[in-house]
Each structure stands twice: as structure tokens, then as C-alpha cells.
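A short write-up of the structure that comes next.
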Amino acid sequence: MTDPATAVRGRVHVEEAGTEGPLLLCLHGIGSSSAAFAPQLEGLAPYARVVAWDAPGYAKSSDPEGPLDLDGFADAAAEVIRSYGSPAHVLGVSWGGVIALRLAARHPALVASLILADSSAGSGTDGAKAAGMRARAEELASLGPRAFAARRGPRLVSPDAPAALVERVVDTMATAVRLPGYGYAAEAMAGADLRPELSAVTAPALVVCGDRDTVTGVEASQVLAGGLHKTAYVIVKDAGHLANQEQPERFNAWVLSHLHIVTRS
């Protein structure tokens, strides 16, 4: 008989680092993959068991058998957590943060705490943003992954980001995104407005945002911080939308501080 943990991880690819400490599950943004968390897999491994997924339909993960909505992505993340046999602290970047919030609402026993980085309550909070998000699948189909990534990737970091980081972000996106998975993700994001359910989330949360994030922006992070009950809110200086990659030492220090507090409270 196939081990359930093996079956889950056969469908959903994960990268792992660290053997001791709390379980930290990392959920990437809509145009990314587990590769986005290389700085966390390396920097946090001495202190935690770090697991970064490729969402269903992304990078090395299998395509889903049918369309996934936000609940479906959250349930897939729940399966990954269950495969490790313990609740997880969940780090979600951008779209990954939206999944993390729905995961915490649907499966509260599986989520020890949340770290929501450069995230939002979803694109459904604004009609224009929702329409733009829904148009992305057609854009990907028209341009192809490489040109799509070259157009979108540089916007995710600050103007002062090193060229090597910009190249890495573009390469990560180009090798991660494909249809239909990206289309399911875009539709899930477009339809999401989690503001009404923030108050029901019981997990303690750290909300982090780069001060130069022009994609979701500081105001969207403030909405999360204001709507959640147990929240710390941090601005990361000199970072765009991908604060975890652009300022990894500062970002990791805040994550470690959060884990220290919530695992000893």
C-alpha cells in the first residue's frame, strides 16, 4: 500500500531543509515556485524544518485533475501539512498569503501561525484588479512563459535590486508557470475578497511588507494587519514585492523572531 505522505508529495513537489524545530510551510506567489524560498531554505534550516511547495499545476508539481478554486489550493496545502504529521507555521508570499489565510480559516488545527508577506485580502477587493488578474491567463497563452516572465518579473523587486536577482526572479517565473494551473490560480485570486473572514482567523500572524512594494503595497498589508486579531506588522526597508528574496537577512530575522515568540507563548 502506498504511504499517504508519499502519495501527497508525489503530486505536490516540495523542497525541504532542516531536520529540527517547528515545521514551516512556504507558499509562493502566483508567478513563482519553491525556488523563491531558496534564501529561507538555506537561512532558516538551522532553526526549523522548512518546506517550500510548488503549487498544484506549477513547476515540478503535477497538473490538477480538474479546476482548483481557492479552497482547492488551500486543501492541497492542508494535505501537505498532514503528510508531515504536525501543524505548521505557514509563510505565504502574495498569492501564497491568500492561500494561507483560507487554509487557516478552513483548517485551523493545522495552522500554528501565519507569516503573510507582501500579501492582500485578494484581487476581488477591487474590480479593476480582478479584471486584470483574470486577463493574465490569456496573456500567458499569448506570450509564452519566457516572454510573460520577462514582462512581469522585474516589477516584483525594487528599482535598485541587483541585476542577478532580477534575472533569478524572471527565470523562476519562466520555469514555474504554465496552463491550466496558472489560470486556475489567477481566477482564484480574482474571486478572492477575504476581508469578511479575517476576524475569524485564530492563528497568530506576522504581516510583513517591503517598503517599496508597488504590486500589492503597504496599504493591502495594513488591511490584513488591522483585520486579524493577533498580529504584528513589520515593514522591510529597501525591498519591493519579493521582500523575502530582496532582503533575505532582514526578512529571515523577523520570521525567526515570530517563531520564537509563538512557539514559547
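Following the order of the C-alpha cells, chains are lettered A, B, ..., residues in each are numbered from 1, and ligands are numbered from 1.
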Exercise for review: For stretch 155-168 of chain A, work out the shell of residues within 12 Å, counting only C-alpha atoms and skipping chain neighbours fewer than 5 positions away, then give it as a PyMOL selection string.
Suggested key: chain A and resi 29-33+35-39+93-94+118+146+149-150+173-175+210-217+236-248
Review point. Within 7 Å of A:Val14, counting only C-alpha atoms, which residues qualify if same-chain residues fewer than 5 places away don't, as a VMD selection string?
Key: chain A and resid 9 51 to 54
Practice item. Could you tell me how far atom CA of A:Leu116 lies from atom CA of A:Val98, in Å and to one decimal? Key: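 Rounded to one decimal, the two atoms are 8.3 Å apart.
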Check your understanding: Please, which residues of stretch 97-222 of chain A, numbered as in this document, come out alpha helix (DSSP H) from DSSP, as a VMD selection string?
Key -> chain A and resid 97 to 106 127 to 134 136 to 143 145 to 152 163 to 176 181 to 190 217 to 222
Exercise for review: Extract, using only C-alpha atoms, all DNA, RNA and protein residues at most 8 Å from A:Arg134, discarding same-chain residues fewer than 4 positions from it, and format them as JSON, numbers by chain.
Suggested key: {"A": [130, 183, 186, 187, 190]}
Writing out the chosen residues with N, CA and C atoms as a PDB file, in the first residue's frame:
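Result file is result10.pdb:
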ATOM      1  N   ALA A 130      -9.339  42.693 -10.195  1.00  0.00           N
ATOM      2  CA  ALA A 130      -9.880  41.369 -10.518  1.00  0.00           C
ATOM      3  C   ALA A 130      -9.863  41.131 -12.022  1.00  0.00           C
ATOM      4  N   GLY A 183      -3.870  29.611 -14.784  1.00  0.00           N
ATOM      5  CA  GLY A 183      -5.215  30.142 -14.992  1.00  0.00           C
ATOM      6  C   GLY A 183      -6.125  29.883 -13.808  1.00  0.00           C
ATOM      7  N   ALA A 186      -5.060  32.358 -11.120  1.00  0.00           N
ATOM      8  CA  ALA A 186      -5.489  33.727 -11.406  1.00  0.00           C
ATOM      9  C   ALA A 186      -6.976  33.907 -11.132  1.00  0.00           C
ATOM     10  N   GLU A 187      -7.780  32.918 -11.503  1.00  0.00           N
ATOM     11  CA  GLU A 187      -9.219  33.003 -11.239  1.00  0.00           C
ATOM     12  C   GLU A 187      -9.496  32.951  -9.734  1.00  0.00           C
ATOM     13  N   ALA A 190      -8.592  36.342  -8.412  1.00  0.00           N
ATOM     14  CA  ALA A 190      -9.538  37.363  -8.867  1.00  0.00           C
ATOM     15  C   ALA A 190     -10.836  37.315  -8.081  1.00  0.00           C
TER      16      ALA A 190
END
Exercise for review: Can you work out the spacing between atom CA of A:Val234 and atom CA of A:Ile261 in Å, to one decimal?
Suggested key: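 Answer for the atom CA of A:Val234 to atom CA of A:Ile261 separation: 14.8 Å.
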Neighbour list for A:Pro67 as a compact mmCIF listing (two decimals) with N, CA, C and O atoms, in the first residue's frame, cut-off 12 Å, only C-alpha atoms, skip fewer than 3 positions in-chain:
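What landed in around_26.txt:
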# COMPACT_ATOMS: atom_id res chain seq x y z
N PRO A 56 0.02 23.08 -6.93
CA PRO A 56 -0.51 22.21 -7.99
C PRO A 56 -0.58 22.95 -9.32
O PRO A 56 -1.08 24.07 -9.40
N GLY A 57 -0.03 22.31 -10.36
CA GLY A 57 -0.01 22.93 -11.68
C GLY A 57 1.15 23.86 -11.92
O GLY A 57 1.20 24.54 -12.96
N ASP A 63 -0.10 18.59 -12.76
CA ASP A 63 -1.29 19.38 -13.05
C ASP A 63 -2.47 18.81 -12.27
O ASP A 63 -2.61 17.58 -12.15
N PRO A 64 -3.33 19.65 -11.72
CA PRO A 64 -4.51 19.13 -11.01
C PRO A 64 -5.44 18.40 -11.97
O PRO A 64 -5.45 18.69 -13.18
N LEU A 70 -9.85 28.67 -4.76
CA LEU A 70 -9.01 28.99 -3.61
C LEU A 70 -9.11 27.91 -2.54
O LEU A 70 -8.10 27.53 -1.93
N ASP A 71 -10.32 27.40 -2.32
CA ASP A 71 -10.48 26.31 -1.35
C ASP A 71 -9.66 25.10 -1.76
O ASP A 71 -9.08 24.41 -0.92
N GLY A 72 -9.63 24.83 -3.06
CA GLY A 72 -8.87 23.68 -3.54
C GLY A 72 -7.38 23.82 -3.30
O GLY A 72 -6.71 22.85 -2.89
N PHE A 73 -6.84 25.01 -3.54
CA PHE A 73 -5.42 25.22 -3.26
C PHE A 73 -5.15 25.13 -1.76
O PHE A 73 -4.14 24.55 -1.33
N LEU A 179 -0.15 26.74 -18.15
CA LEU A 179 -1.59 26.50 -18.12
C LEU A 179 -1.85 25.00 -18.05
O LEU A 179 -1.05 24.22 -18.57
N PRO A 180 -2.91 24.57 -17.36
CA PRO A 180 -4.01 25.39 -16.83
C PRO A 180 -3.79 25.90 -15.41
O PRO A 180 -4.59 26.69 -14.93
N GLY A 181 -2.73 25.44 -14.72
CA GLY A 181 -2.57 25.77 -13.31
C GLY A 181 -2.55 27.26 -13.04
O GLY A 181 -3.21 27.74 -12.09
N TYR A 182 -1.82 28.02 -13.86
CA TYR A 182 -1.74 29.45 -13.64
C TYR A 182 -3.12 30.09 -13.82
O TYR A 182 -3.48 31.02 -13.08
N GLY A 183 -3.87 29.61 -14.78
CA GLY A 183 -5.22 30.14 -14.99
C GLY A 183 -6.13 29.88 -13.81
O GLY A 183 -6.91 30.75 -13.42
N TYR A 184 -6.03 28.69 -13.21
CA TYR A 184 -6.83 28.40 -12.02
C TYR A 184 -6.43 29.34 -10.88
O TYR A 184 -7.29 29.85 -10.14
N ALA A 185 -5.13 29.56 -10.75
CA ALA A 185 -4.65 30.44 -9.68
C ALA A 185 -5.14 31.87 -9.89
O ALA A 185 -5.57 32.53 -8.93
N ALA A 186 -5.06 32.36 -11.12
CA ALA A 186 -5.49 33.73 -11.41
C ALA A 186 -6.98 33.91 -11.13
O ALA A 186 -7.40 34.93 -10.57
N GLU A 187 -7.78 32.92 -11.50
CA GLU A 187 -9.22 33.00 -11.24
C GLU A 187 -9.50 32.95 -9.73
O GLU A 187 -10.37 33.68 -9.22
N ALA A 188 -8.75 32.10 -9.03
CA ALA A 188 -8.93 32.02 -7.58
C ALA A 188 -8.59 33.35 -6.92
O ALA A 188 -9.28 33.81 -6.00
Practice item. Mind checking which residues fall within 7 Å of stretch 199-202 of chain A, counting only C-alpha atoms, ignoring those fewer than 6 positions away in the same chain, and posting them as a VMD selection string? Key: chain A and resid 104 to 105 227 to 229
File of the preceding selection, N, CA, C and O atoms, as a PDB file, in the first residue's frame:
ATOM      1  N   ALA A 104      -5.960  28.743   6.956  1.00  0.00           N
ATOM      2  CA  ALA A 104      -6.157  28.944   8.390  1.00  0.00           C
ATOM      3  C   ALA A 104      -7.631  28.990   8.753  1.00  0.00           C
ATOM      4  O   ALA A 104      -8.024  28.574   9.849  1.00  0.00           O
ATOM      5  N   ALA A 105      -8.466  29.495   7.850  1.00  0.00           N
ATOM      6  CA  ALA A 105      -9.906  29.551   8.100  1.00  0.00           C
ATOM      7  C   ALA A 105     -10.558  28.180   7.968  1.00  0.00           C
ATOM      8  O   ALA A 105     -11.450  27.824   8.747  1.00  0.00           O
ATOM      9  N   GLY A 227      -7.228  43.598  10.287  1.00  0.00           N
ATOM     10  CA  GLY A 227      -8.374  42.692  10.344  1.00  0.00           C
ATOM     11  C   GLY A 227      -8.148  41.439  11.146  1.00  0.00           C
ATOM     12  O   GLY A 227      -9.115  40.790  11.560  1.00  0.00           O
ATOM     13  N   LEU A 228      -6.906  41.072  11.368  1.00  0.00           N
ATOM     14  CA  LEU A 228      -6.589  39.872  12.133  1.00  0.00           C
ATOM     15  C   LEU A 228      -6.454  40.206  13.614  1.00  0.00           C
ATOM     16  O   LEU A 228      -6.031  41.304  13.981  1.00  0.00           O
ATOM     17  N   HIS A 229      -6.789  39.248  14.468  1.00  0.00           N
ATOM     18  CA  HIS A 229      -6.814  39.517  15.907  1.00  0.00           C
ATOM     19  C   HIS A 229      -5.422  39.616  16.519  1.00  0.00           C
ATOM     20  O   HIS A 229      -5.112  40.555  17.245  1.00  0.00           O
TER      21      HIS A 229
END
